[in-house]
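Trainee: So here's start08.pdb (PDB, C-alpha atoms).
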```pdb
MODEL        1
ATOM      1  CA  MET L  20     -17.615   3.382  -3.718
ATOM      2  CA  GLY L  21     -18.975   2.382  -7.125
ATOM      3  CA  THR L  22     -17.957  -0.962  -8.573
ATOM      4  CA  ASP L  23     -16.901  -1.404 -12.173
ATOM      5  CA  PRO L  24     -16.547  -5.134 -12.890
ATOM      6  CA  GLY L  25     -14.255  -4.336 -15.804
ATOM      7  CA  GLU L  26     -11.510  -3.036 -13.531
ATOM      8  CA  ALA L  27      -9.600  -5.907 -11.997
ATOM      9  CA  ILE L  28      -7.541  -6.258  -8.879
ATOM     10  CA  VAL L  29      -4.037  -6.886 -10.232
ATOM     11  CA  VAL L  30      -1.490  -8.823  -8.184
ATOM     12  CA  GLY L  31       2.170  -9.196  -9.074
ATOM     13  CA  VAL L  32       3.837 -12.537  -8.356
ATOM     14  CA  ASP L  33       7.436 -13.563  -8.880
ATOM     15  CA  GLY L  34       7.223 -17.347  -9.092
ATOM     16  CA  SER L  35       8.303 -17.972  -5.488
ATOM     17  CA  ASP L  36       6.336 -19.760  -2.776
ATOM     18  CA  ALA L  37       6.470 -16.523  -0.760
ATOM     19  CA  SER L  38       4.185 -14.901  -3.336
ATOM     20  CA  LEU L  39       1.395 -17.254  -2.271
ATOM     21  CA  SER L  40       0.681 -15.189   0.864
ATOM     22  CA  VAL L  41       0.482 -12.021  -1.254
ATOM     23  CA  LEU L  42      -1.818 -13.837  -3.670
ATOM     24  CA  ARG L  43      -4.093 -14.980  -0.822
ATOM     25  CA  TRP L  44      -4.507 -11.361   0.297
ATOM     26  CA  ALA L  45      -5.292 -10.246  -3.260
ATOM     27  CA  VAL L  46      -7.849 -13.029  -3.734
ATOM     28  CA  GLY L  47      -9.615 -12.015  -0.542
ATOM     29  CA  GLU L  48      -9.604  -8.390  -1.619
ATOM     30  CA  ALA L  49     -11.019  -9.172  -5.066
ATOM     31  CA  ALA L  50     -13.797 -11.225  -3.487
ATOM     32  CA  LEU L  51     -14.521  -8.450  -0.969
ATOM     33  CA  ARG L  52     -14.789  -5.859  -3.746
ATOM     34  CA  HIS L  53     -16.643  -8.151  -6.192
ATOM     35  CA  ARG L  54     -14.001  -7.585  -8.857
ATOM     36  CA  PRO L  55     -12.098  -9.960 -11.125
ATOM     37  CA  LEU L  56      -8.502 -10.851 -10.270
ATOM     38  CA  ARG L  57      -5.618 -10.591 -12.731
ATOM     39  CA  ILE L  58      -2.364 -12.347 -11.788
ATOM     40  CA  VAL L  59       0.750 -10.977 -13.480
ATOM     41  CA  LEU L  60       4.203 -12.521 -13.597
ATOM     42  CA  ALA L  61       6.949 -10.376 -15.124
ATOM     43  CA  PHE L  62       9.262 -12.293 -17.446
ATOM     44  CA  VAL L  63      12.804 -11.024 -17.841
ATOM     45  CA  ARG L  64      14.389 -12.478 -20.964
ATOM     46  CA  PRO L  65      17.515 -14.540 -20.226
ATOM     47  CA  VAL L  66      20.738 -12.609 -20.671
ATOM     48  CA  GLU L  67      23.915 -13.729 -22.353
ATOM     49  CA  VAL L  68      26.412 -15.271 -19.940
ATOM     50  CA  VAL L  69      30.123 -15.021 -20.766
ATOM     51  CA  GLY L  70      32.480 -17.118 -18.668
ATOM     52  CA  TYR L  71      36.211 -16.448 -18.681
ATOM     53  CA  GLY L  72      37.797 -18.491 -21.493
ATOM     54  CA  PHE L  73      34.446 -19.906 -22.660
ATOM     55  CA  THR L  74      32.154 -19.277 -25.609
ATOM     56  CA  PRO L  75      29.237 -16.929 -24.817
ATOM     57  CA  THR L  76      26.112 -18.906 -23.914
ATOM     58  CA  MET L  77      22.506 -18.089 -23.148
ATOM     59  CA  TRP L  78      19.980 -19.867 -20.976
ATOM     60  CA  PRO L  79      17.349 -21.253 -23.366
ATOM     61  CA  GLU L  80      14.502 -18.752 -23.471
ATOM     62  CA  GLY L  81      11.975 -21.460 -24.267
ATOM     63  CA  ALA L  82      12.760 -23.333 -21.057
ATOM     64  CA  ALA L  83      12.608 -20.162 -18.952
ATOM     65  CA  ARG L  84       9.302 -19.149 -20.518
ATOM     66  CA  ALA L  85       7.879 -22.616 -19.885
ATOM     67  CA  ASP L  86       8.897 -22.352 -16.218
ATOM     68  CA  ALA L  87       7.174 -18.969 -15.977
ATOM     69  CA  ASP L  88       4.012 -20.301 -17.620
ATOM     70  CA  ARG L  89       3.910 -23.260 -15.218
ATOM     71  CA  ALA L  90       4.377 -20.977 -12.213
ATOM     72  CA  LEU L  91       1.566 -18.717 -13.397
ATOM     73  CA  SER L  92      -0.752 -21.704 -13.928
ATOM     74  CA  ASP L  93      -0.074 -22.794 -10.349
ATOM     75  CA  PHE L  94      -0.939 -19.341  -9.021
ATOM     76  CA  VAL L  95      -4.162 -19.193 -11.053
ATOM     77  CA  ALA L  96      -5.146 -22.646  -9.763
ATOM     78  CA  ALA L  97      -4.427 -21.581  -6.174
ATOM     79  CA  ALA L  98      -6.606 -18.475  -6.565
ATOM     80  CA  GLU L  99      -9.477 -20.450  -8.083
ATOM     81  CA  HIS L 100      -9.240 -22.996  -5.274
ATOM     82  CA  GLN L 101      -9.401 -20.233  -2.630
ATOM     83  CA  ALA L 102     -12.367 -18.467  -4.275
ATOM     84  CA  PRO L 103     -14.190 -20.748  -6.757
ATOM     85  CA  ASP L 104     -16.677 -18.031  -7.768
ATOM     86  CA  LEU L 105     -13.988 -15.442  -8.499
ATOM     87  CA  ARG L 106     -13.133 -14.549 -12.096
ATOM     88  CA  VAL L 107      -9.385 -15.167 -12.332
ATOM     89  CA  SER L 108      -7.046 -14.547 -15.252
ATOM     90  CA  GLY L 109      -3.290 -14.505 -15.557
ATOM     91  CA  ALA L 110      -0.530 -13.324 -17.848
ATOM     92  CA  VAL L 111       3.229 -13.650 -18.233
ATOM     93  CA  VAL L 112       4.374 -10.200 -19.405
ATOM     94  CA  ASP L 113       7.800  -9.395 -20.827
ATOM     95  CA  GLY L 114       9.711  -6.772 -18.870
ATOM     96  CA  SER L 115      11.168  -5.958 -15.489
ATOM     97  CA  PRO L 116       8.771  -6.380 -12.540
ATOM     98  CA  ALA L 117       8.525  -2.669 -11.747
ATOM     99  CA  THR L 118       7.963  -1.641 -15.368
ATOM    100  CA  VAL L 119       5.366  -4.352 -15.951
ATOM    101  CA  LEU L 120       3.386  -3.626 -12.797
ATOM    102  CA  ILE L 121       3.399   0.142 -13.258
ATOM    103  CA  GLY L 122       2.077  -0.459 -16.767
ATOM    104  CA  GLU L 123      -0.643  -2.753 -15.416
ATOM    105  CA  SER L 124      -1.716  -0.061 -12.953
ATOM    106  CA  ALA L 125      -3.065   2.094 -15.786
ATOM    107  CA  SER L 126      -6.111  -0.174 -16.120
ATOM    108  CA  ALA L 127      -6.384  -1.646 -12.617
ATOM    109  CA  ALA L 128      -8.747  -0.820  -9.773
ATOM    110  CA  LEU L 129      -6.049  -1.783  -7.269
ATOM    111  CA  LEU L 130      -2.509  -3.113  -7.593
ATOM    112  CA  VAL L 131      -1.142  -5.577  -5.016
ATOM    113  CA  VAL L 132       2.574  -6.263  -4.655
ATOM    114  CA  GLY L 133       4.745  -8.117  -2.181
ATOM    115  CA  ALA L 134       7.366  -6.572   0.077
ATOM    116  CA  ARG L 135      10.421  -8.099   1.645
ATOM    117  CA  ARG L 136      10.398  -7.473   5.370
ATOM    118  CA  THR L 137      13.550  -7.337   7.486
ATOM    119  CA  GLY L 138      14.973 -10.834   7.941
ATOM    120  CA  ILE L 139      13.357 -12.311   4.816
ATOM    121  CA  PRO L 140      15.864 -13.611   2.234
ATOM    122  CA  ALA L 141      16.944 -11.097  -0.404
ATOM    123  CA  GLY L 142      16.117 -13.462  -3.242
ATOM    124  CA  LEU L 143      12.459 -12.418  -3.260
ATOM    125  CA  ARG L 144      12.851 -10.229  -6.303
ATOM    126  CA  LEU L 145       9.410  -8.612  -6.242
ATOM    127  CA  GLY L 146      10.063  -7.078  -2.840
ATOM    128  CA  SER L 147      12.959  -5.053  -4.252
ATOM    129  CA  VAL L 148      10.636  -3.146  -6.629
ATOM    130  CA  SER L 149       7.748  -2.427  -4.258
ATOM    131  CA  ASP L 150       9.062   1.103  -3.591
ATOM    132  CA  GLN L 151       9.047   1.959  -7.306
ATOM    133  CA  VAL L 152       5.590   0.521  -7.855
ATOM    134  CA  ALA L 153       4.100   2.228  -4.799
ATOM    135  CA  THR L 154       5.536   5.570  -5.872
ATOM    136  CA  HIS L 155       4.743   5.551  -9.598
ATOM    137  CA  ALA L 156       1.601   3.416 -10.051
ATOM    138  CA  ARG L 157      -1.470   5.012 -11.640
ATOM    139  CA  CYS L 158      -3.926   3.418  -9.204
ATOM    140  CA  PRO L 159      -3.960   2.747  -5.456
ATOM    141  CA  VAL L 160      -1.271   0.240  -4.470
ATOM    142  CA  VAL L 161      -1.282  -2.198  -1.566
ATOM    143  CA  VAL L 162       2.109  -3.492  -0.433
ATOM    144  CA  VAL L 163       1.790  -6.775   1.468
ATOM    145  CA  ALA L 164       4.544  -8.386   3.528
ATOM    146  CA  VAL L 165       5.165 -11.863   2.153
ATOM    147  CA  ASP L 166       4.481 -13.496   5.535
ATOM    148  CA  HIS L 167       1.289 -11.567   6.324
ATOM    149  CA  ASP L 168      -1.639 -13.618   7.653
ATOM    150  CA  PRO L 169      -4.952 -11.957   6.657
ATOM    151  CA  VAL L 170      -7.005 -14.333   8.819
ATOM    152  CA  LEU L 171      -5.322 -13.212  12.049
ATOM    153  CA  ALA L 172      -5.769  -9.553  11.106
ATOM    154  CA  ALA L 173      -9.382  -9.771   9.927
ATOM    155  CA  ARG L 174     -11.013  -7.906  12.847
ATOM    156  CA  ARG L 175      -8.304  -5.320  13.362
ATOM    157  CA  PRO L 176      -8.975  -1.662  12.466
ATOM    158  CA  VAL L 177      -7.842   0.341   9.467
ATOM    159  CA  VAL L 178      -5.192   2.970  10.292
ATOM    160  CA  VAL L 179      -4.560   6.203   8.383
ATOM    161  CA  GLY L 180      -1.875   8.867   8.710
ATOM    162  CA  VAL L 181      -3.189  12.441   8.449
ATOM    163  CA  ASP L 182      -1.510  15.858   8.517
ATOM    164  CA  GLY L 183      -3.857  18.297   6.793
ATOM    165  CA  SER L 184      -2.365  17.946   3.317
ATOM    166  CA  GLU L 185      -4.277  17.128   0.128
ATOM    167  CA  SER L 186      -2.582  13.737   0.109
ATOM    168  CA  ALA L 187      -3.646  12.964   3.667
ATOM    169  CA  ASN L 188      -7.193  14.134   2.921
ATOM    170  CA  LEU L 189      -7.369  11.642   0.061
ATOM    171  CA  ALA L 190      -5.882   8.936   2.285
ATOM    172  CA  ALA L 191      -8.472   9.604   5.008
ATOM    173  CA  CYS L 192     -11.286   9.308   2.474
ATOM    174  CA  PHE L 193      -9.971   5.987   1.175
ATOM    175  CA  ALA L 194      -9.408   4.773   4.750
ATOM    176  CA  PHE L 195     -13.031   5.471   5.710
ATOM    177  CA  ASP L 196     -14.146   3.593   2.613
ATOM    178  CA  GLU L 197     -11.914   0.619   3.475
ATOM    179  CA  ALA L 198     -13.086   0.550   7.097
ATOM    180  CA  GLU L 199     -16.724   0.567   6.036
ATOM    181  CA  ARG L 200     -16.102  -2.180   3.467
ATOM    182  CA  ARG L 201     -14.462  -4.360   6.125
ATOM    183  CA  ASN L 202     -16.931  -3.427   8.892
ATOM    184  CA  VAL L 203     -14.123  -2.432  11.264
ATOM    185  CA  GLY L 204     -13.079   0.736  13.091
ATOM    186  CA  LEU L 205     -10.737   3.454  11.866
ATOM    187  CA  VAL L 206      -7.743   4.843  13.782
ATOM    188  CA  ALA L 207      -6.528   8.241  12.531
ATOM    189  CA  VAL L 208      -2.931   9.073  13.469
ATOM    190  CA  ARG L 209      -1.266  12.489  13.569
ATOM    191  CA  ALA L 210       2.398  12.836  14.572
ATOM    192  CA  TRP L 211       3.598  15.976  16.302
ATOM    193  CA  THR L 212       6.728  17.237  18.043
ATOM    194  CA  PRO L 213       6.378  18.918  21.452
ATOM    195  CA  PRO L 214       8.719  21.880  21.989
ATOM    196  CA  GLY L 215      12.122  20.817  23.287
ATOM    197  CA  ARG L 216      14.565  22.320  25.733
ATOM    198  CA  PRO L 217      17.024  25.025  24.578
ATOM    199  CA  TRP L 218      20.307  23.565  23.313
ATOM    200  CA  ARG L 219      22.297  26.167  25.301
ATOM    201  CA  SER L 220      21.920  26.801  29.003
ATOM    202  CA  ASP L 221      22.299  30.567  28.575
ATOM    203  CA  VAL L 222      19.350  30.825  26.200
ATOM    204  CA  ARG L 223      15.986  31.629  27.723
ATOM    205  CA  PRO L 224      13.348  29.101  26.646
ATOM    206  CA  LEU L 225      10.286  30.280  24.773
ATOM    207  CA  VAL L 226       7.223  30.472  26.959
ATOM    208  CA  LEU L 227       5.013  27.811  25.421
ATOM    209  CA  ASP L 228       2.005  26.092  26.849
ATOM    210  CA  VAL L 229       2.587  22.460  25.826
ATOM    211  CA  ALA L 230      -0.929  21.430  26.823
ATOM    212  CA  GLU L 231      -2.373  24.222  24.688
ATOM    213  CA  LEU L 232      -0.241  23.157  21.718
ATOM    214  CA  GLU L 233      -1.325  19.554  22.140
ATOM    215  CA  THR L 234      -4.963  20.610  22.247
ATOM    216  CA  ALA L 235      -4.488  22.579  19.029
ATOM    217  CA  GLU L 236      -2.818  19.612  17.314
ATOM    218  CA  ARG L 237      -5.635  17.327  18.399
ATOM    219  CA  GLY L 238      -8.172  19.818  17.069
ATOM    220  CA  LEU L 239      -6.480  19.765  13.674
ATOM    221  CA  LEU L 240      -6.566  15.978  13.686
ATOM    222  CA  VAL L 241     -10.272  15.873  14.509
ATOM    223  CA  THR L 242     -11.096  18.507  11.889
ATOM    224  CA  ASP L 243      -9.159  16.690   9.147
ATOM    225  CA  VAL L 244     -10.821  13.359   9.858
ATOM    226  CA  ASP L 245     -14.344  14.289  10.851
ATOM    227  CA  ARG L 246     -15.179  15.913   7.508
ATOM    228  CA  TRP L 247     -15.791  12.341   6.288
ATOM    229  CA  ARG L 248     -17.841  11.062   9.220
ATOM    230  CA  SER L 249     -21.202  12.145   7.803
ATOM    231  CA  ARG L 250     -20.528  10.034   4.703
ATOM    232  CA  TYR L 251     -19.535   7.024   6.793
ATOM    233  CA  PRO L 252     -21.680   7.215   9.959
ATOM    234  CA  ALA L 253     -21.280   3.505  10.728
ATOM    235  CA  VAL L 254     -17.481   3.695  10.964
ATOM    236  CA  ARG L 255     -16.151   3.916  14.511
ATOM    237  CA  VAL L 256     -13.319   6.469  14.655
ATOM    238  CA  GLU L 257     -10.469   6.810  17.132
ATOM    239  CA  HIS L 258      -8.254   9.897  16.975
ATOM    240  CA  ARG L 259      -4.653   9.130  17.955
ATOM    241  CA  LEU L 260      -2.249  12.045  18.478
ATOM    242  CA  VAL L 261       1.287  10.686  18.868
ATOM    243  CA  ALA L 262       4.282  12.702  20.096
ATOM    244  CA  ASP L 263       6.925  10.960  18.009
ATOM    245  CA  GLN L 264       8.617  10.898  14.644
ATOM    246  CA  PRO L 265       6.164  10.166  11.801
ATOM    247  CA  ALA L 266       7.499   6.755  10.785
ATOM    248  CA  ARG L 267       7.658   5.484  14.359
ATOM    249  CA  ALA L 268       4.186   6.829  15.103
ATOM    250  CA  LEU L 269       2.626   5.048  12.137
ATOM    251  CA  LEU L 270       4.545   1.812  12.631
ATOM    252  CA  ALA L 271       3.619   1.632  16.318
ATOM    253  CA  VAL L 272      -0.107   2.055  15.721
ATOM    254  CA  ALA L 273      -0.071  -0.174  12.624
ATOM    255  CA  ARG L 274       1.128  -3.157  14.662
ATOM    256  CA  GLN L 275      -2.530  -3.765  15.532
ATOM    257  CA  ALA L 276      -3.998  -2.849  12.126
ATOM    258  CA  GLN L 277      -5.247  -4.905   9.205
ATOM    259  CA  LEU L 278      -4.485  -2.098   6.747
ATOM    260  CA  LEU L 279      -2.490   1.148   6.869
ATOM    261  CA  VAL L 280      -3.527   3.875   4.399
ATOM    262  CA  VAL L 281      -1.060   6.633   3.516
ATOM    263  CA  GLY L 282      -0.787   9.396   0.948
ATOM    264  CA  SER L 283       2.208   9.531  -1.340
ATOM    265  CA  ARG L 284       3.090  13.102  -0.405
ATOM    266  CA  GLY L 285       2.339  14.992   2.780
ATOM    267  CA  LEU L 286       3.097  18.093   4.792
ATOM    268  CA  SER L 287       4.510  18.708   8.248
ATOM    269  CA  GLY L 288       5.018  15.372   9.973
ATOM    270  CA  PHE L 289       4.597  13.270   6.837
ATOM    271  CA  ARG L 290       6.435  15.353   4.207
ATOM    272  CA  GLY L 291       7.922  13.215   1.425
ATOM    273  CA  LEU L 292       6.371  10.061   2.825
ATOM    274  CA  LEU L 293       7.252   7.814  -0.112
ATOM    275  CA  LEU L 294      10.252   9.748  -1.364
ATOM    276  CA  GLY L 295      12.610   9.557   1.595
ATOM    277  CA  SER L 296      13.552   7.672   4.719
ATOM    278  CA  VAL L 297      10.074   7.842   6.289
ATOM    279  CA  GLY L 298       8.475   6.096   3.340
ATOM    280  CA  ARG L 299      11.128   3.411   3.206
ATOM    281  CA  GLN L 300      10.737   2.698   6.911
ATOM    282  CA  VAL L 301       6.960   2.393   6.648
ATOM    283  CA  LEU L 302       6.997   0.251   3.516
ATOM    284  CA  HIS L 303       9.776  -2.038   4.713
ATOM    285  CA  HIS L 304       8.842  -2.501   8.342
ATOM    286  CA  ALA L 305       5.050  -2.299   8.698
ATOM    287  CA  ARG L 306       3.488  -5.510   9.967
ATOM    288  CA  CYS L 307       0.299  -4.986   7.991
ATOM    289  CA  PRO L 308      -0.540  -4.277   4.327
ATOM    290  CA  ILE L 309      -0.047  -0.641   3.292
ATOM    291  CA  MET L 310      -2.352   1.135   0.839
ATOM    292  CA  VAL L 311      -0.678   4.023  -0.978
ATOM    293  CA  VAL L 312      -2.813   6.658  -2.724
ATOM    294  CA  HIS L 313      -1.515   9.424  -5.002
ATOM    295  CA  PRO L 314      -3.383  12.733  -5.381
ATOM    296  CA  HIS L 315      -1.373  13.722  -8.470
ATOM    297  CA  HIS L 316      -2.430  10.473 -10.148
ATOM    298  CA  HIS L 317      -5.848   9.497  -8.801
ATOM    299  CA  LEU L 318      -7.400  12.956  -8.816
ATOM    300  CA  ALA L 319      -6.413  13.474 -12.457
ATOM    301  CA  ALA L 320      -7.257  10.034 -13.846
ATOM    302  CA  PRO L 321     -10.551  10.132 -15.806
ATOM    303  CA  ARG L 322     -11.331   6.495 -15.027
ATOM    304  CA  HIS L 323     -11.405   7.311 -11.287
ATOM    305  CA  GLY L 324     -13.688  10.298 -11.788
ATOM    306  CA  ARG L 325     -16.975   8.626 -10.851
ATOM    307  CA  HIS L 326     -15.460   6.959  -7.788
ATOM    308  CA  LEU L 327     -13.930  10.208  -6.595
ATOM    309  CA  GLU L 328     -17.187  12.077  -7.149
ATOM    310  CA  GLU L 329     -18.955   9.500  -5.000
ATOM    311  CA  LEU L 330     -16.291   9.950  -2.334
ATOM    312  CA  GLY L 331     -16.702  13.728  -2.426
ATOM    313  CA  LEU L 332     -13.254  14.442  -3.863
ATOM    314  CA  ARG L 333     -14.479  15.999  -7.138
TER     315      ARG L 333
ENDMDL
END
```
Can I see the file as structure tokens?
Mentor:
Amino acid sequence: MGTDPGEAIVVGVDGSDASLSVLRWAVGEAALRHRPLRIVLAFVRPVEVVGYGFTPTMWPEGAARADADRALSDFVAAAEHQAPDLRVSGAVVDGSPATVLIGESASAALLVVGARRTGIPAGLRLGSVSDQVATHARCPVVVVAVDHDPVLAARRPVVVGVDGSESANLAACFAFDEAERRNVGLVAVRAWTPPGRPWRSDVRPLVLDVAELETAERGLLVTDVDRWRSRYPAVRVEHRLVADQPARALLAVARQAQLLVVGSRGLSGFRGLLLGSVGRQVLHHARCPIMVVHPHHHLAAPRHGRHLEELGLR
């Protein structure tokens, strides 16, 4: 994929220590892609507090802004320490985290946000907006669990969910590109549902050859994925057909992945991936970072045109 040094990797932080693990992933990604890193901290102006029987008061905005500026300076220093040759900038931007980060996505090559995984305290504010950012951003988004360790996952494969839709086709293309960039293998996952037993004993079951259906499903998986193999001949590909619900299929395979790539809208087994329960399960419970790509955004954005042409999507 072509590299435009003007497009930065943007990472959202929320001032907490937990954001440091998200920042570390973003720094590594910016270095891998030879792009500058922009660190963004959303600043919500203090609100008026009215206590019963007391005069309305407001937390001093100057003090809150100073705290935000100090937190941002610490994050910039941490990024520069991790990658001394990386161009790093930072900004405190007025607005809610979701609004600020979606706005930043309009000029970013990639947007990185943190996610709160089950069992992590609810006070990590950025995690609560990761769904909104992943759904509405104007560039690819990577959602990183705040306790993710990129060093342990470095040699694991990239995983992609495919189902024959335009969204999954785009996701497969990006997944090949990510696997090649990282010099790791690619695991392509397709979920399917074998025919079940009749719900009434007096109903004759349809005569279906389950093995034949499975072979057909596997053929669709291979066809969807292998259209990209000639462009990425060095990428080792494993086709994984899983008889399970889509979310469980992806989560199970992603346990041993360094990155999971999904489209924002799919068909069949992955319909409504980021709009319903499947998307929430994947985003909230995956053990690895999740890259979300949007056909309705990325295919229409002029600034992605050259990249998409190089990837064969235009």
Trainee: What residues come out when you apply the PyMOL selection byres ((chain L and resi 226-241) around 8) to this file, written as a short mmCIF file (atom, residue, chain, number, x, y, z; two decimals) with C-alpha atoms, keeping the file's coordinate frame?
Mentor:
```
data_model
loop_
_atom_site.label_atom_id
_atom_site.label_comp_id
_atom_site.auth_asym_id
_atom_site.auth_seq_id
_atom_site.Cartn_x
_atom_site.Cartn_y
_atom_site.Cartn_z
CA VAL L 181 -3.19 12.44 8.45
CA ASP L 182 -1.51 15.86 8.52
CA GLY L 183 -3.86 18.30 6.79
CA ALA L 207 -6.53 8.24 12.53
CA VAL L 208 -2.93 9.07 13.47
CA ARG L 209 -1.27 12.49 13.57
CA TRP L 211 3.60 15.98 16.30
CA PRO L 213 6.38 18.92 21.45
CA PRO L 214 8.72 21.88 21.99
CA PRO L 224 13.35 29.10 26.65
CA LEU L 225 10.29 30.28 24.77
CA THR L 242 -11.10 18.51 11.89
CA ASP L 243 -9.16 16.69 9.15
CA VAL L 244 -10.82 13.36 9.86
CA ASP L 245 -14.34 14.29 10.85
CA HIS L 258 -8.25 9.90 16.98
CA LEU L 260 -2.25 12.04 18.48
#
```
Trainee: Figure out the distance between atom CA of Pro55 of chain L and atom CA of Ser38 of chain L, please, to one decimal in Å.
Mentor: 18.7 Å
Trainee: Interatomic distance between atom CA of Phe195 of chain L and atom CA of Val29 of chain L?
Mentor: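 A separation of 22.1 Å between them.
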Trainee: Taking the file above as input, evaluate the PyMOL selection byres ((chain L and resi 167) around 9) and report the hits as a ChimeraX atom specification.
Mentor: /L:40-41,44,163-166,168-169,171-172,306-308
Trainee: Could you check which of L:Gly133, L:Gly109, L:Gly282, L:Gly81 is closest to Arg43 of chain L, using all atoms listed in the file?
Mentor: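 Closest candidate: L:Gly133.
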